[in-house]
>>> print(open('final.cif').read())   # mmCIF, C-alpha atoms; chains and numbers go by the auth columns
data_target
loop_
_atom_site.group_PDB
_atom_site.id
_atom_site.type_symbol
_atom_site.label_atom_id
_atom_site.label_comp_id
_atom_site.label_asym_id
_atom_site.label_seq_id
_atom_site.Cartn_x
_atom_site.Cartn_y
_atom_site.Cartn_z
_atom_site.B_iso_or_equiv
_atom_site.auth_seq_id
_atom_site.auth_asym_id
ATOM 1 C CA MET A 1 -11.854 -15.607 -6.594 0.00 509 A
ATOM 2 C CA ASN A 2 -11.058 -18.245 -3.969 0.00 510 A
ATOM 3 C CA PRO A 3 -10.264 -16.251 -0.795 0.00 511 A
ATOM 4 C CA HIS A 4 -7.543 -18.739 0.114 0.00 512 A
ATOM 5 C CA ALA A 5 -5.770 -18.547 -3.262 0.00 513 A
ATOM 6 C CA CYS A 6 -2.635 -16.548 -3.892 0.00 514 A
ATOM 7 C CA ILE A 7 -3.289 -13.110 -5.418 0.00 515 A
ATOM 8 C CA LYS A 8 -1.384 -12.947 -8.715 0.00 516 A
ATOM 9 C CA VAL A 9 0.021 -9.481 -9.341 0.00 517 A
ATOM 10 C CA ALA A 10 1.583 -7.938 -12.462 0.00 518 A
ATOM 11 C CA LEU A 11 3.701 -4.760 -12.235 0.00 519 A
ATOM 12 C CA ILE A 12 3.577 -2.164 -15.019 0.00 520 A
ATOM 13 C CA ASP A 13 6.044 0.704 -14.521 0.00 521 A
ATOM 14 C CA ASP A 14 8.700 2.154 -16.807 0.00 522 A
ATOM 15 C CA HIS A 15 11.230 2.571 -13.978 0.00 523 A
ATOM 16 C CA ALA A 16 13.087 -0.672 -13.222 0.00 524 A
ATOM 17 C CA LEU A 17 14.145 0.614 -9.801 0.00 525 A
ATOM 18 C CA VAL A 18 10.526 1.252 -8.826 0.00 526 A
ATOM 19 C CA ARG A 19 9.517 -2.227 -10.021 0.00 527 A
ATOM 20 C CA ASP A 20 12.368 -3.771 -8.010 0.00 528 A
ATOM 21 C CA GLY A 21 11.217 -2.041 -4.830 0.00 529 A
ATOM 22 C CA ILE A 22 7.555 -2.943 -5.282 0.00 530 A
ATOM 23 C CA ARG A 23 8.395 -6.547 -6.199 0.00 531 A
ATOM 24 C CA ALA A 24 10.495 -6.927 -3.037 0.00 532 A
ATOM 25 C CA LEU A 25 7.656 -5.491 -0.937 0.00 533 A
ATOM 26 C CA LEU A 26 5.006 -7.780 -2.435 0.00 534 A
ATOM 27 C CA MET A 27 7.076 -10.957 -2.472 0.00 535 A
ATOM 28 C CA ALA A 28 7.516 -10.631 1.301 0.00 536 A
ATOM 29 C CA ILE A 29 3.749 -11.234 1.674 0.00 537 A
ATOM 30 C CA PRO A 30 2.922 -14.978 1.439 0.00 538 A
ATOM 31 C CA GLU A 31 -0.483 -14.489 -0.198 0.00 539 A
ATOM 32 C CA LEU A 32 0.876 -12.269 -2.989 0.00 540 A
ATOM 33 C CA ASP A 33 2.667 -13.624 -6.055 0.00 541 A
ATOM 34 C CA VAL A 34 4.305 -11.343 -8.643 0.00 542 A
ATOM 35 C CA VAL A 35 3.681 -13.214 -11.897 0.00 543 A
ATOM 36 C CA GLY A 36 5.391 -10.744 -14.217 0.00 544 A
ATOM 37 C CA GLU A 37 6.373 -7.162 -14.913 0.00 545 A
ATOM 38 C CA ALA A 38 6.583 -4.799 -17.846 0.00 546 A
ATOM 39 C CA GLY A 39 8.176 -1.439 -18.541 0.00 547 A
ATOM 40 C CA SER A 40 5.899 -0.279 -21.365 0.00 548 A
ATOM 41 C CA GLY A 41 2.388 -0.622 -22.711 0.00 549 A
ATOM 42 C CA ALA A 42 3.501 -2.973 -25.473 0.00 550 A
ATOM 43 C CA GLU A 43 5.333 -5.206 -22.982 0.00 551 A
ATOM 44 C CA ALA A 44 2.281 -5.165 -20.697 0.00 552 A
ATOM 45 C CA LEU A 45 -0.049 -6.358 -23.461 0.00 553 A
ATOM 46 C CA GLU A 46 2.385 -9.132 -24.390 0.00 554 A
ATOM 47 C CA LEU A 47 2.824 -10.133 -20.738 0.00 555 A
ATOM 48 C CA LEU A 48 -0.885 -10.375 -19.982 0.00 556 A
ATOM 49 C CA ASP A 49 -1.465 -12.447 -23.099 0.00 557 A
ATOM 50 C CA ARG A 50 0.746 -15.192 -21.658 0.00 558 A
ATOM 51 C CA VAL A 51 0.284 -14.976 -17.865 0.00 559 A
ATOM 52 C CA THR A 52 -2.821 -14.836 -15.693 0.00 560 A
ATOM 53 C CA ALA A 53 -2.980 -11.971 -13.212 0.00 561 A
ATOM 54 C CA ASP A 54 -5.680 -11.024 -10.712 0.00 562 A
ATOM 55 C CA VAL A 55 -4.403 -7.494 -10.095 0.00 563 A
ATOM 56 C CA VAL A 56 -2.254 -5.137 -12.172 0.00 564 A
ATOM 57 C CA LEU A 57 -0.335 -2.311 -10.509 0.00 565 A
ATOM 58 C CA MET A 58 -0.342 0.368 -13.196 0.00 566 A
ATOM 59 C CA ASP A 59 1.805 3.478 -13.491 0.00 567 A
ATOM 60 C CA ILE A 60 0.249 6.360 -15.451 0.00 568 A
ATOM 61 C CA GLY A 61 3.389 7.775 -17.072 0.00 569 A
ATOM 62 C CA LEU A 62 4.530 5.005 -19.415 0.00 570 A
ATOM 63 C CA LYS A 63 6.856 5.969 -22.247 0.00 571 A
ATOM 64 C CA ASP A 64 4.863 4.521 -25.145 0.00 572 A
ATOM 65 C CA MET A 65 1.313 4.768 -23.831 0.00 573 A
ATOM 66 C CA ASN A 66 -0.731 6.544 -21.178 0.00 574 A
ATOM 67 C CA GLY A 67 -1.341 4.100 -18.328 0.00 575 A
ATOM 68 C CA LEU A 68 -5.013 5.107 -18.172 0.00 576 A
ATOM 69 C CA GLU A 69 -5.486 4.272 -21.850 0.00 577 A
ATOM 70 C CA LEU A 70 -3.755 0.953 -21.241 0.00 578 A
ATOM 71 C CA THR A 71 -6.042 0.308 -18.267 0.00 579 A
ATOM 72 C CA GLN A 72 -9.106 0.767 -20.469 0.00 580 A
ATOM 73 C CA SER A 73 -7.666 -1.574 -23.104 0.00 581 A
ATOM 74 C CA LEU A 74 -6.810 -4.258 -20.537 0.00 582 A
ATOM 75 C CA ARG A 75 -10.233 -4.066 -18.889 0.00 583 A
ATOM 76 C CA GLN A 76 -11.865 -4.579 -22.297 0.00 584 A
ATOM 77 C CA GLN A 77 -9.644 -7.550 -23.149 0.00 585 A
ATOM 78 C CA PHE A 78 -9.616 -9.090 -19.666 0.00 586 A
ATOM 79 C CA PRO A 79 -12.874 -8.138 -17.882 0.00 587 A
ATOM 80 C CA GLU A 80 -11.970 -10.058 -14.721 0.00 588 A
ATOM 81 C CA LEU A 81 -8.654 -8.227 -14.337 0.00 589 A
ATOM 82 C CA ARG A 82 -8.511 -5.652 -11.536 0.00 590 A
ATOM 83 C CA VAL A 83 -6.305 -2.577 -11.963 0.00 591 A
ATOM 84 C CA LEU A 84 -4.752 -0.521 -9.174 0.00 592 A
ATOM 85 C CA ILE A 85 -3.287 2.798 -10.300 0.00 593 A
ATOM 86 C CA LEU A 86 -0.031 3.468 -8.447 0.00 594 A
ATOM 87 C CA SER A 87 1.087 6.973 -9.323 0.00 595 A
ATOM 88 C CA MET A 88 2.955 10.029 -8.079 0.00 596 A
ATOM 89 C CA TYR A 89 0.162 12.250 -9.457 0.00 597 A
ATOM 90 C CA ASP A 90 -2.958 13.167 -7.440 0.00 598 A
ATOM 91 C CA ASN A 91 -4.351 15.356 -10.217 0.00 599 A
ATOM 92 C CA GLN A 92 -8.191 15.470 -10.268 0.00 600 A
ATOM 93 C CA GLU A 93 -8.430 14.687 -13.987 0.00 601 A
ATOM 94 C CA TYR A 94 -6.278 11.551 -13.642 0.00 602 A
ATOM 95 C CA VAL A 95 -8.327 10.383 -10.658 0.00 603 A
ATOM 96 C CA ASN A 96 -11.672 10.895 -12.428 0.00 604 A
ATOM 97 C CA THR A 97 -10.406 9.258 -15.612 0.00 605 A
ATOM 98 C CA SER A 98 -9.101 6.240 -13.677 0.00 606 A
ATOM 99 C CA VAL A 99 -12.665 5.554 -12.507 0.00 607 A
ATOM 100 C CA LYS A 100 -14.093 6.001 -16.010 0.00 608 A
ATOM 101 C CA VAL A 101 -11.641 3.541 -17.595 0.00 609 A
ATOM 102 C CA GLY A 102 -12.356 0.858 -15.005 0.00 610 A
ATOM 103 C CA ALA A 103 -9.529 1.032 -12.464 0.00 611 A
ATOM 104 C CA SER A 104 -10.551 -0.346 -9.064 0.00 612 A
ATOM 105 C CA GLY A 105 -8.277 1.867 -6.993 0.00 613 A
ATOM 106 C CA TYR A 106 -5.731 4.664 -6.959 0.00 614 A
ATOM 107 C CA VAL A 107 -2.829 4.838 -4.508 0.00 615 A
ATOM 108 C CA LEU A 108 -0.014 7.372 -4.444 0.00 616 A
ATOM 109 C CA LYS A 109 3.548 6.087 -4.723 0.00 617 A
ATOM 110 C CA ASP A 110 4.513 7.811 -1.486 0.00 618 A
ATOM 111 C CA ALA A 111 1.810 5.903 0.437 0.00 619 A
ATOM 112 C CA PRO A 112 2.962 3.647 3.290 0.00 620 A
ATOM 113 C CA SER A 113 3.910 0.132 2.174 0.00 621 A
ATOM 114 C CA ARG A 114 1.030 -1.397 4.143 0.00 622 A
ATOM 115 C CA GLU A 115 -1.494 0.762 2.279 0.00 623 A
ATOM 116 C CA ILE A 116 -0.375 -0.655 -1.075 0.00 624 A
ATOM 117 C CA ILE A 117 -0.774 -4.203 0.250 0.00 625 A
ATOM 118 C CA VAL A 118 -4.215 -3.474 1.740 0.00 626 A
ATOM 119 C CA ALA A 119 -5.282 -1.868 -1.553 0.00 627 A
ATOM 120 C CA ILE A 120 -4.273 -4.972 -3.528 0.00 628 A
ATOM 121 C CA GLN A 121 -6.142 -7.225 -1.104 0.00 629 A
ATOM 122 C CA ALA A 122 -9.230 -5.013 -1.203 0.00 630 A
ATOM 123 C CA ILE A 123 -9.572 -4.885 -4.976 0.00 631 A
ATOM 124 C CA ALA A 124 -8.698 -8.580 -5.386 0.00 632 A
ATOM 125 C CA ALA A 125 -11.644 -9.272 -3.054 0.00 633 A
ATOM 126 C CA GLY A 126 -13.919 -7.304 -5.381 0.00 634 A
ATOM 127 C CA GLY A 127 -13.797 -3.953 -3.616 0.00 635 A
ATOM 128 C CA THR A 128 -12.180 -0.608 -4.359 0.00 636 A
ATOM 129 C CA TYR A 129 -9.431 1.336 -2.607 0.00 637 A
ATOM 130 C CA TYR A 130 -8.327 4.958 -2.806 0.00 638 A
ATOM 131 C CA SER A 131 -5.669 6.802 -0.819 0.00 639 A
ATOM 132 C CA GLU A 132 -7.214 9.282 1.607 0.00 640 A
ATOM 133 C CA GLY A 133 -6.473 12.355 -0.494 0.00 641 A
ATOM 134 C CA ILE A 134 -7.680 10.589 -3.649 0.00 642 A
ATOM 135 C CA ALA A 135 -10.913 9.548 -1.926 0.00 643 A
ATOM 136 C CA GLU A 136 -11.589 13.201 -1.130 0.00 644 A
ATOM 137 C CA LYS A 137 -11.209 14.102 -4.804 0.00 645 A
ATOM 138 C CA LEU A 138 -13.817 11.482 -5.691 0.00 646 A
ATOM 139 C CA ALA A 139 -16.288 12.669 -3.043 0.00 647 A
ATOM 140 C CA SER A 140 -17.886 15.097 -5.482 0.00 648 A
ATOM 141 C CA ARG A 141 -18.641 12.410 -8.078 0.00 649 A
ATOM 142 C CA GLY A 142 -22.026 11.551 -6.551 0.00 650 A
ATOM 143 C CA ALA A 143 -23.426 9.007 -4.158 0.00 651 A
ATOM 144 C CA GLU A 144 -23.745 6.234 -6.723 0.00 652 A
ATOM 145 C CA GLU A 145 -19.963 6.013 -6.984 0.00 653 A
ATOM 146 C CA ARG A 146 -19.786 5.227 -3.263 0.00 654 A
ATOM 147 C CA GLU A 147 -22.622 2.724 -2.960 0.00 655 A
ATOM 148 C CA LEU A 148 -21.831 -0.489 -1.145 0.00 656 A
ATOM 149 C CA THR A 149 -21.486 -3.692 -3.129 0.00 657 A
ATOM 150 C CA PRO A 150 -23.960 -6.536 -2.319 0.00 658 A
ATOM 151 C CA ARG A 151 -21.231 -8.330 -0.340 0.00 659 A
ATOM 152 C CA GLU A 152 -20.378 -5.151 1.587 0.00 660 A
ATOM 153 C CA ARG A 153 -24.069 -4.819 2.482 0.00 661 A
ATOM 154 C CA GLU A 154 -24.010 -8.383 3.867 0.00 662 A
ATOM 155 C CA VAL A 155 -20.948 -7.570 5.963 0.00 663 A
ATOM 156 C CA LEU A 156 -22.472 -4.287 7.151 0.00 664 A
ATOM 157 C CA LEU A 157 -25.669 -6.048 8.248 0.00 665 A
ATOM 158 C CA MET A 158 -23.733 -8.706 10.154 0.00 666 A
ATOM 159 C CA LEU A 159 -21.589 -6.010 11.790 0.00 667 A
ATOM 160 C CA ALA A 160 -24.758 -4.192 12.822 0.00 668 A
ATOM 161 C CA GLN A 161 -25.994 -7.446 14.380 0.00 669 A
ATOM 162 C CA GLY A 162 -22.822 -7.741 16.449 0.00 670 A
ATOM 163 C CA HIS A 163 -20.977 -10.517 14.563 0.00 671 A
ATOM 164 C CA ASN A 164 -17.179 -10.581 14.705 0.00 672 A
ATOM 165 C CA ASN A 165 -14.833 -11.109 11.769 0.00 673 A
ATOM 166 C CA LYS A 166 -14.457 -14.828 12.394 0.00 674 A
ATOM 167 C CA THR A 167 -18.185 -15.600 12.497 0.00 675 A
ATOM 168 C CA MET A 168 -18.797 -13.423 9.434 0.00 676 A
ATOM 169 C CA ALA A 169 -16.047 -15.214 7.520 0.00 677 A
ATOM 170 C CA ARG A 170 -17.550 -18.595 8.382 0.00 678 A
ATOM 171 C CA ALA A 171 -21.117 -17.546 7.520 0.00 679 A
ATOM 172 C CA LEU A 172 -20.151 -15.904 4.220 0.00 680 A
ATOM 173 C CA GLU A 173 -17.574 -18.597 3.323 0.00 681 A
ATOM 174 C CA ILE A 174 -14.766 -16.084 2.846 0.00 682 A
ATOM 175 C CA SER A 175 -11.465 -15.538 4.665 0.00 683 A
ATOM 176 C CA VAL A 176 -11.134 -13.361 7.754 0.00 684 A
ATOM 177 C CA ARG A 177 -8.759 -11.144 5.788 0.00 685 A
ATOM 178 C CA THR A 178 -11.409 -10.635 3.099 0.00 686 A
ATOM 179 C CA VAL A 179 -13.899 -9.633 5.805 0.00 687 A
ATOM 180 C CA GLU A 180 -11.333 -7.095 7.042 0.00 688 A
ATOM 181 C CA THR A 181 -10.953 -5.591 3.562 0.00 689 A
ATOM 182 C CA HIS A 182 -14.751 -5.306 3.219 0.00 690 A
ATOM 183 C CA ARG A 183 -14.929 -3.602 6.641 0.00 691 A
ATOM 184 C CA LEU A 184 -12.220 -1.154 5.578 0.00 692 A
ATOM 185 C CA SER A 185 -14.079 -0.379 2.352 0.00 693 A
ATOM 186 C CA ILE A 186 -17.365 0.144 4.252 0.00 694 A
ATOM 187 C CA ARG A 187 -15.665 2.469 6.714 0.00 695 A
ATOM 188 C CA ARG A 188 -14.049 4.491 3.919 0.00 696 A
ATOM 189 C CA LYS A 189 -17.304 4.749 1.944 0.00 697 A
ATOM 190 C CA LEU A 190 -19.655 5.509 4.833 0.00 698 A
ATOM 191 C CA ASP A 191 -17.321 6.859 7.525 0.00 699 A
ATOM 192 C CA ILE A 192 -19.193 4.586 9.969 0.00 700 A
ATOM 193 C CA ASP A 193 -17.833 1.851 12.235 0.00 701 A
ATOM 194 C CA ARG A 194 -19.966 1.787 15.423 0.00 702 A
ATOM 195 C CA PRO A 195 -22.503 -1.104 15.338 0.00 703 A
ATOM 196 C CA ALA A 196 -25.381 1.171 16.409 0.00 704 A
ATOM 197 C CA ASP A 197 -24.658 3.589 13.561 0.00 705 A
ATOM 198 C CA LEU A 198 -24.294 0.707 11.098 0.00 706 A
ATOM 199 C CA MET A 199 -27.683 -0.639 12.192 0.00 707 A
ATOM 200 C CA LYS A 200 -29.232 2.800 11.695 0.00 708 A
ATOM 201 C CA HIS A 201 -27.724 3.049 8.204 0.00 709 A
ATOM 202 C CA ALA A 202 -29.022 -0.433 7.302 0.00 710 A
ATOM 203 C CA MET A 203 -32.531 0.480 8.546 0.00 711 A
ATOM 204 C CA VAL A 204 -32.619 3.772 6.653 0.00 712 A
ATOM 205 C CA HIS A 205 -31.701 1.962 3.414 0.00 713 A
ATOM 206 C CA GLY A 206 -34.140 -0.908 3.935 0.00 714 A
ATOM 207 C CA TRP A 207 -31.453 -3.605 4.066 0.00 715 A
ATOM 208 C CA LEU A 208 -32.710 -5.415 7.170 0.00 716 A
ATOM 209 C CA PRO A 209 -34.501 -8.774 6.709 0.00 717 A
ATOM 210 C CA GLY A 210 -38.249 -8.292 6.344 0.00 718 A
ATOM 211 C CA GLN A 211 -38.007 -4.628 5.336 0.00 719 A
ATOM 212 C CA HIS A 212 -39.781 -3.589 2.147 0.00 720 A
#
>>> encode(input="final.cif", output="structure tokens")
Amino acid sequence: MNPHACIKVALIDDHALVRDGIRALLMAIPELDVVGEAGSGAEALELLDRVTADVVLMDIGLKDMNGLELTQSLRQQFPELRVLILSMYDNQEYVNTSVKVGASGYVLKDAPSREIIVAIQAIAAGGTYYSEGIAEKLASRGAEERELTPREREVLLMLAQGHNNKTMARALEISVRTVETHRLSIRRKLDIDRPADLMKHAMVHGWLPGQH
């Protein structure tokens, strides 16, 4: 996705009041555009057949369909679509299932407003995002679930070499904000931010130029 393009967001939640609040929050951010909303699984399928969305905010407890089942269906029909689960439930089974069906993130509805916005930006940029408590529930799923993406490895290497966000953005031809979301994802996955520690991690994993 073009890092300078507007992120198109669709809201799927069976409570109109919740949708109103989220829409107002997102529409206050210039780079986010709410392209549609739905209150049921059937409405969601109809909506996404006629509008293009980059990210779907998905509630789990829909009246006519489980939001996780709908997520799986949408990911099969629209492989490029990114889904962020926005739920009041932090139940381990829901969290694990969200990963299995292809959701890119899971944020609790009582999370701070900024966290929801950062999560949307992170998954639109190709990353993942989980609320702190949710991330802890996923920690037992194995290291492969937390591996860095190729782009995150590039950012990590440049961080280890002392580059700032602006120079990384220019070199990688992405926006500074996208660099920030990659840095956040790296920090959440590795719990590392100091350049010296990032360099050590890159060396251990053989990611430095010339390493074999």
>>> atom_distance(input="final.cif", atom1="CA of Leu570 (chain A)", atom2="CA of Gly549 (chain A)")
6.9 Å
>>> closest_residue(input="final.cif", among="A:Val663, A:Leu540, A:Leu553, A:Val609", to="Pro703 (chain A)", atoms="only C-alpha atoms")
A:Val663
>>> atom_distance(input="final.cif", atom1="CA of Val591 (chain A)", atom2="CA of Ile568 (chain A)")
11.6 Å
>>> closest_residue(input="final.cif", among="A:Ala546, A:Ala611, A:Val684, A:Leu555", to="Thr579 (chain A)", atoms="all atoms listed in the file")
A:Ala611
>>> closest_residue(input="final.cif", among="A:Leu578, A:Leu664, A:Ala536, A:Ala677", to="Asp705 (chain A)", atoms="all atoms listed in the file")
A:Leu664
>>> atom_distance(input="final.cif", atom1="CA of Ala619 (chain A)", atom2="CA of Asp521 (chain A)")
16.4 Å
>>> closest_residue(input="final.cif", among="A:Met596, A:Ala552, A:Val603, A:Ala643", to="Val526 (chain A)", atoms="only C-alpha atoms")
A:Met596
>>> closest_residue(input="final.cif", among="A:Tyr637, A:Asp699, A:Gln600, A:Ala704", to="Gly670 (chain A)", atoms="all atoms listed in the file")
A:Ala704
>>> residues_near_point(input="final.cif", point="(-2.4, 7.2, 7.1)", cutoff="9 Å", atoms="all atoms listed in the file", output="MDAnalysis selection string")
chainID A and resid 619:620 623 639:640
>>> closest_residue(input="final.cif", among="A:Cys514, A:Leu656, A:Leu565, A:His690", to="His709 (chain A)", atoms="only C-alpha atoms")
A:Leu656
>>> residues_around(input="final.cif", residues="Thr560 (chain A)", least_positions_apart="2", cutoff="10 Å", atoms="all atoms listed in the file", output="ChimeraX atom specification")
/A:516-518,543-544,555-558,562-563,586,589
>>> residues_near_point(input="final.cif", point="(-13.6, -4.7, -5.1)", cutoff="10 Å", atoms="all atoms listed in the file", output="PyMOL selection string")
chain A and resi 590+612-613+627-637+657+659-660+689-690+693
>>> resolve_selection(input="final.cif", expression="the PyMOL selection byres ((chain A and resi 576) around 9)", output="list in words")
Met566, Asp567, Ile568, Gly569, Met573, Asn574, Gly575, Glu577, Leu578, Thr579, Gln580, Ser581, Ile593, Tyr602, Thr605, Ser606, Val609 and Ala611 of chain A
>>> build_atoms(input="final.cif", residues="region 616-627 of chain A", atoms="N, CA and C atoms", output="mmCIF file, in the frame of the given file")
data_model
loop_
_atom_site.group_PDB
_atom_site.id
_atom_site.type_symbol
_atom_site.label_atom_id
_atom_site.label_comp_id
_atom_site.auth_asym_id
_atom_site.auth_seq_id
_atom_site.Cartn_x
_atom_site.Cartn_y
_atom_site.Cartn_z
ATOM 1 N N LEU A 616 -1.194 6.570 -4.124
ATOM 2 C CA LEU A 616 -0.014 7.372 -4.444
ATOM 3 C C LEU A 616 1.261 6.600 -4.117
ATOM 4 N N LYS A 617 2.299 6.831 -4.905
ATOM 5 C CA LYS A 617 3.548 6.087 -4.723
ATOM 6 C C LYS A 617 4.232 6.381 -3.388
ATOM 7 N N ASP A 618 3.892 7.514 -2.781
ATOM 8 C CA ASP A 618 4.513 7.811 -1.486
ATOM 9 C C ASP A 618 3.660 7.306 -0.312
ATOM 10 N N ALA A 619 2.645 6.486 -0.623
ATOM 11 C CA ALA A 619 1.810 5.903 0.437
ATOM 12 C C ALA A 619 2.638 4.901 1.236
ATOM 13 N N PRO A 620 2.265 4.667 2.489
ATOM 14 C CA PRO A 620 2.962 3.647 3.290
ATOM 15 C C PRO A 620 2.861 2.281 2.610
ATOM 16 N N SER A 621 3.879 1.460 2.795
ATOM 17 C CA SER A 621 3.910 0.132 2.174
ATOM 18 C C SER A 621 2.651 -0.668 2.489
ATOM 19 N N ARG A 622 2.203 -0.608 3.749
ATOM 20 C CA ARG A 622 1.030 -1.397 4.143
ATOM 21 C C ARG A 622 -0.207 -0.991 3.349
ATOM 22 N N GLU A 623 -0.316 0.303 3.014
ATOM 23 C CA GLU A 623 -1.494 0.762 2.279
ATOM 24 C C GLU A 623 -1.553 0.131 0.894
ATOM 25 N N ILE A 624 -0.409 -0.026 0.254
ATOM 26 C CA ILE A 624 -0.375 -0.655 -1.075
ATOM 27 C C ILE A 624 -0.841 -2.102 -0.969
ATOM 28 N N ILE A 625 -0.386 -2.801 0.068
ATOM 29 C CA ILE A 625 -0.774 -4.203 0.250
ATOM 30 C C ILE A 625 -2.271 -4.320 0.534
ATOM 31 N N VAL A 626 -2.786 -3.464 1.418
ATOM 32 C CA VAL A 626 -4.215 -3.474 1.740
ATOM 33 C C VAL A 626 -5.042 -3.164 0.493
ATOM 34 N N ALA A 627 -4.564 -2.226 -0.324
ATOM 35 C CA ALA A 627 -5.282 -1.868 -1.553
ATOM 36 C C ALA A 627 -5.376 -3.058 -2.504
#
